[in-house]
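Notes to accompany the following structure.
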Amino acid sequence: KDAPKVVKFAADEATNFLSRALGAAVPVVNAPTEGKASVILGVNAWSKAAGLDPSGKPRDTFLIRSEGSRVYVVGVDDPKANPLRSSPVGYERATLLGLYAFLEDSVGCRFYFPGELGEVVPRTDRIVVRDGTVASTPDFLIRKYYFGDGRWYGDLDEKATRRMKDLSWLRVRASTATIPCCHGTAYMKLVERYAKTHPEYFALRTDGTRCHNFTGTRSSRAGYLCFSSGVRDVIVDECVRRFGDGKPYVDIMPNDALAECHCEKCQAAYRKDLPCYMTEVIWDYTRYVANKLIEKGVPGVVTQMAYAQYRRIPDFDIPTNVYVMVAETGPWSMANPQKLNREYDEIRAWGRKIRNPVYLWTYPHKYGALNIPGIPDVSPKAWGEYYKGLAGDIIGTFAESETDKWIYHYLNYYVFSRVMWDAKTDVDAVLDEHYRLMFGRGAEPMKRFYELLERKWTKDVVGNIRDTKAGPVAVPPTEGELWTKVYGPDTVAACDALLKEAAAAVAPGSLEARRIAFFRTEYYDALVAGAKTYADKLAAIDALVWRVRDGRPIELVPFKVRKGREPEEFVKTRVTVRRTATDLVVEADGEDNRMDDVAATKRAKDDRDMWRDAGLEIILNPTADLKNYYHLIVNLEGSLSDSHGVLLGANRSEADYAWDSQAKTDVVRRADGWHLTVTIPLAVLGEMKDVFPAEFARNRVTKSGKGTCLYHASPYAFGFNSLPELGKLDLRP
C-alpha cells in the first residue's frame, strides 16, 4: 500500500499488458493471494523475505526472481518521483525497468512506440517463467537522446507529443541519469554579475570592446569569456558553492560558438598553427579550476567537452576530478569509414588521456542544412552499429537527434536503447524481429522499404562524400538534389511498390495492414508532399527576379523569422543595383532610429569579424553555375571583407580571401539611417550572365543589442550563400 509512485506506475503498466496478453483482467492487489500466481513489484516485505536486496548495485540494476508461484521484480526506486509528471531523466526506477524486461522476455511484448500500432502484445493462455534469479545492469550508464520540438505524428498537439515521448523513453529503458556538460558557464550569470565591475573577464574584440553585451539572456551564447583572466577564480568559487549544495558535477564548458579573445595572453596561447587552436587555453583553464578544487579539498567532478575549437587533446596532464564529454558526429559517420575510424580513435585517445569515464555528445539529427521536412531519416542499423562499436570505451552518450516527426526516429531510438543496455545486441536480429512482429507476412517488403530509406539517408544524404581542401568530407546535397535525385521519382515509385507488396501480403483490415497503411501515410505520403512542396517553392524562387530596368528597389525582410516571433522593431532597407560600362554598383539605403547605438568599427581588410558589425553583405553568382560566388561584407565604417567562395552541397563552402574585389565603398550616415554604395569593377567578376543569383543582407547590430536583427532579400534561402534558393538579378536593359 505504501509503494512509491514509480512502483504503482509499474503496476499499472503490468496489469495493462498482462491483461491484454491473457485476454482477461489481471488485478492489482496489495498482497499476494494464496493459490494464485503473483508478480511482486518493488522492495517490500515479500521481496525482503525472499532475500532480494537491490541496494548497493550499479544504477538501473534490477533483479527478477521466479520462485514457486511468485515472480519478484525488484530495483532501487525514487521514493518521490511520479512518472506521470516527472521528467524521465533524473530519478531512479529500476523496478519499472525490470517490469518492462519481464514483459519482453516472458510475455513477448515489444514497445516500439506507444499506442496499439506500436505495441506488440501476443495473445496467450499461459505465461511461462523459468525458475531462478536474473540480475541485469545496463552496459552504458548514459542512454539519452533528444528529439527537439518536432511533432509526434499526425495531429497530436505539443502536450500529447511530450507525453508520448516520455512514455516511450520509460518503456525502452532509456537513461535515468545524466552528467551535465552543455555550455555551463553561460548559465552562471557572469554577465549580470561582472559586466560592469570586471569587464576584463570577458573576451576582447578586435575593436577594443568586450563580449558582454547580451545582458539578461539565458542563451548559451551570453557573454563570451576571457579564459586567461581572473574569471577562472570566479568559476572556482561557483564550483565550490554548487558542490556545497550537494551537486556531484559542475559543468564548466564555455559558451557555444565560442568567440576568440584578442587579449595578449589568449593570443599568445592560441596555437593557430594547429587545428582546434583554442585547445591550450581552454584545457589550461579546465586544469586550473580542477586543481584549485583539489587544493581546497572540495569533492566533486567538473565536466568539460572536447568540442569545436578545443577538441584536440592537450599535451599536459588533466586532473583526476575532470570528466570529458567528446563531441562527435555519431551514426551519420557510418557511411564514411575514414571519418568513423577517426572518431573512434579520438574517443579512445581521450579515454587514455584522462583515465576517467568518457561519454559522448553525438549529432544524428535533421538540423541545419538537413532540416528538410518530409524526409524520413529512419536509420536504425547505423544507430545501433555506431554505439555498439564503442562498447568498453564510453559510459554512454547523448544523441542530439532533432527531426520534424518523432515517428521518423522511433526505430532509431528502439535499437539505440537495446544496444545501450546490452552492447552484445545483434542489431540485424532486432530489426528482423521488428519487421516480423509488426508486419507479419508483409515483413520482407517492409524490411526492404526501411532499408531503402536508411540507404538513401545514410549514404546519399549524410554520407554524400565530396573532395575539399580539407580532404573528403560529408556534404549534404542541396534541396534541389534531394528532391530531384536522392528522393526523385524513381525512389518514390520504389517505395510505393514495396508498400503495395506488403499490403497485398496481409489480411485486409488486420493490425498488420493498419500498420502498413500508417507508415504509408507517415513516410511515403510525406515524401510525396515534400516533393510537391519543393516544386511549388522552386516555382516561387524562379519567379523571384529583380529587374533592374523596372527601377524598383529590393526590399529586405527579417531572415528566417518564424511566425509569431517577428522582431519587435522593423526597419526598412532598400537595395538598388545597376551595371555601367565598367562597374557593378550596389546601393543600399537603411532606415535606423538607433544611429547613436550602431555597432561598427574600422577594421583591416578581410577581417573575419566584419559580419559582427552593422553593414551590408552582398552575394553574387555571376556565372549562374550555383557553385562559384563572390561574398562582400561592408560595415558602416566603410571597411571591406571580400572573398571568392565555392559552394559544396547544402551547407559547406570554401572561401578564398586572397581574391580582391577592388571594390570602392562609400558610407553616408544621417540621423535616421545611412546610405551605402559599393562599386565593383566588372573585370574582377569575370563571366557575367545577364540574369544570375544574388543575395543582399543587412546586419543590423547595436551596442545595446536592442533592435539587432538580420535582414535579407531572398525569403526562401536557407543561408546567405544557399545559391539555389536565391532570387535573381536581371541586368538586361
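Residue numbering restarts at 1 in every chain; chains get A, B, ... in the order shown in the C-alpha cells, and ligands count up from 1 in that same order.
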For this session: Write out as a VMD selection string which residues come within 12 Å of Leu103 of chain A when counting only C-alpha atoms, dropping same-chain ones fewer than 2 positions away.
Result: chain A and resid 10 to 11 13 to 21 39 64 71 73 96 to 101 105 to 111 119 to 122 127 to 129 171 to 172
For this session: Could you tell me, as a ChimeraX atom specification, which residues of segment 201-441 of chain A DSSP assigns to helix (DSSP H, G or I) when given the backbone?
Result: /A:201,231-244,264-269,279-295,308-310,331-333,337-354,368-370,380-388,406-421,427-441
With the cut-off set at 12 Å and counting only C-alpha atoms, tabulate each residue of segment 575-640 of chain A with an atom at most that distance from an atom of segment 675-691 of chain A, showing the nearest atom pair and its distance in Å to one decimal, ordered by chain and increasing number, as a tab-separated table.
residue	atom	partner	partner_atom	distance
A:Val575	CA	A:Leu676	CA	9.4
A:Thr576	CA	A:Thr677	CA	9.7
A:Val577	CA	A:Val678	CA	9.7
A:Arg578	CA	A:Thr679	CA	9.8
A:Arg579	CA	A:Leu682	CA	8.6
A:Thr580	CA	A:Leu682	CA	8.8
A:Ala581	CA	A:Leu682	CA	8.3
A:Thr582	CA	A:Leu682	CA	5.7
A:Asp583	CA	A:Pro681	CA	4.3
A:Leu584	CA	A:Ile680	CA	5.1
A:Val585	CA	A:Thr679	CA	4.6
A:Val586	CA	A:Val678	CA	5.2
A:Glu587	CA	A:Thr677	CA	4.5
A:Ala588	CA	A:Leu676	CA	5.2
A:Asp589	CA	A:His675	CA	4.5
A:Gly590	CA	A:His675	CA	6.3
A:Glu591	CA	A:His675	CA	8.9
A:Asp592	CA	A:His675	CA	10.8
A:Ala614	CA	A:Leu676	CA	11.5
A:Gly615	CA	A:Leu676	CA	8.5
A:Leu616	CA	A:Leu676	CA	8.2
A:Glu617	CA	A:Val678	CA	10.4
A:Ile618	CA	A:Val678	CA	9.4
A:Ile619	CA	A:Leu685	CA	11.8
A:Leu620	CA	A:Leu685	CA	9.0
A:Asn621	CA	A:Met688	CA	8.4
A:Pro622	CA	A:Met688	CA	4.6
A:Thr623	CA	A:Met688	CA	5.3
A:Ala624	CA	A:Lys689	CA	6.9
A:Asp625	CA	A:Lys689	CA	10.0
A:Asn628	CA	A:Leu685	CA	10.8
A:Tyr629	CA	A:Leu685	CA	9.4
A:Tyr630	CA	A:Leu685	CA	8.1
A:His631	CA	A:Leu685	CA	11.2
A:Leu632	CA	A:Val678	CA	9.3
A:Ile633	CA	A:Val678	CA	9.9
A:Val634	CA	A:Val678	CA	8.2
A:Asn635	CA	A:Leu676	CA	9.0
A:Leu636	CA	A:Leu676	CA	7.7
A:Glu637	CA	A:Leu676	CA	9.9
A:Gly638	CA	A:Leu676	CA	8.3
A:Ser639	CA	A:Val678	CA	11.0
A:Leu640	CA	A:Val678	CA	9.7
Problem set entry | For Arg520 of chain A: contacts at 12 Å, only C-alpha atoms, fewer than 6 positions along chain excluded, given as a VMD selection string | chain A and resid 376 446 449 to 450 492 495 to 500 502 to 503 513 to 514 526 to 528
Exercise. As JSON, numbers by chain, which residues of segment 229-451 of chain A does DSSP assign to strand (DSSP E)?
Worked result: {"A": [249, 250, 251, 301, 302, 303, 304, 305, 306, 322, 323, 324, 325, 326, 327, 328, 358, 359, 360, 361, 362, 396, 397, 398, 399, 400]}
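Using only C-alpha atoms, the protein and nucleic acid residues lying no more than 12 Å from Thr33 of chain A, apart from those fewer than 6 places from it along its own chain, are Pro27, Val39, Ile40, Ser69 and Arg70 of chain A.
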Those same residues - N, CA, C and O atoms - I'd like them written as an mmCIF file, in the first residue's frame.
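The result, written out as result-v6.cif:
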data_model
loop_
_atom_site.group_PDB
_atom_site.id
_atom_site.type_symbol
_atom_site.label_atom_id
_atom_site.label_comp_id
_atom_site.auth_asym_id
_atom_site.auth_seq_id
_atom_site.Cartn_x
_atom_site.Cartn_y
_atom_site.Cartn_z
ATOM 1 N N PRO A 27 -5.748 -8.294 -11.851
ATOM 2 C CA PRO A 27 -5.913 -7.210 -10.873
ATOM 3 C C PRO A 27 -4.601 -6.790 -10.223
ATOM 4 O O PRO A 27 -3.639 -7.558 -10.157
ATOM 5 N N VAL A 39 2.917 -11.468 -9.414
ATOM 6 C CA VAL A 39 4.086 -10.688 -9.807
ATOM 7 C C VAL A 39 4.242 -9.614 -8.738
ATOM 8 O O VAL A 39 3.380 -8.739 -8.604
ATOM 9 N N ILE A 40 5.318 -9.701 -7.974
ATOM 10 C CA ILE A 40 5.515 -8.822 -6.826
ATOM 11 C C ILE A 40 6.525 -7.754 -7.208
ATOM 12 O O ILE A 40 7.678 -8.047 -7.530
ATOM 13 N N SER A 69 5.105 -19.941 -7.070
ATOM 14 C CA SER A 69 4.029 -19.217 -7.748
ATOM 15 C C SER A 69 4.272 -17.714 -7.770
ATOM 16 O O SER A 69 3.352 -16.948 -8.061
ATOM 17 N N ARG A 70 5.492 -17.313 -7.471
ATOM 18 C CA ARG A 70 5.773 -15.882 -7.390
ATOM 19 C C ARG A 70 6.909 -15.470 -8.334
ATOM 20 O O ARG A 70 7.900 -16.189 -8.489
#
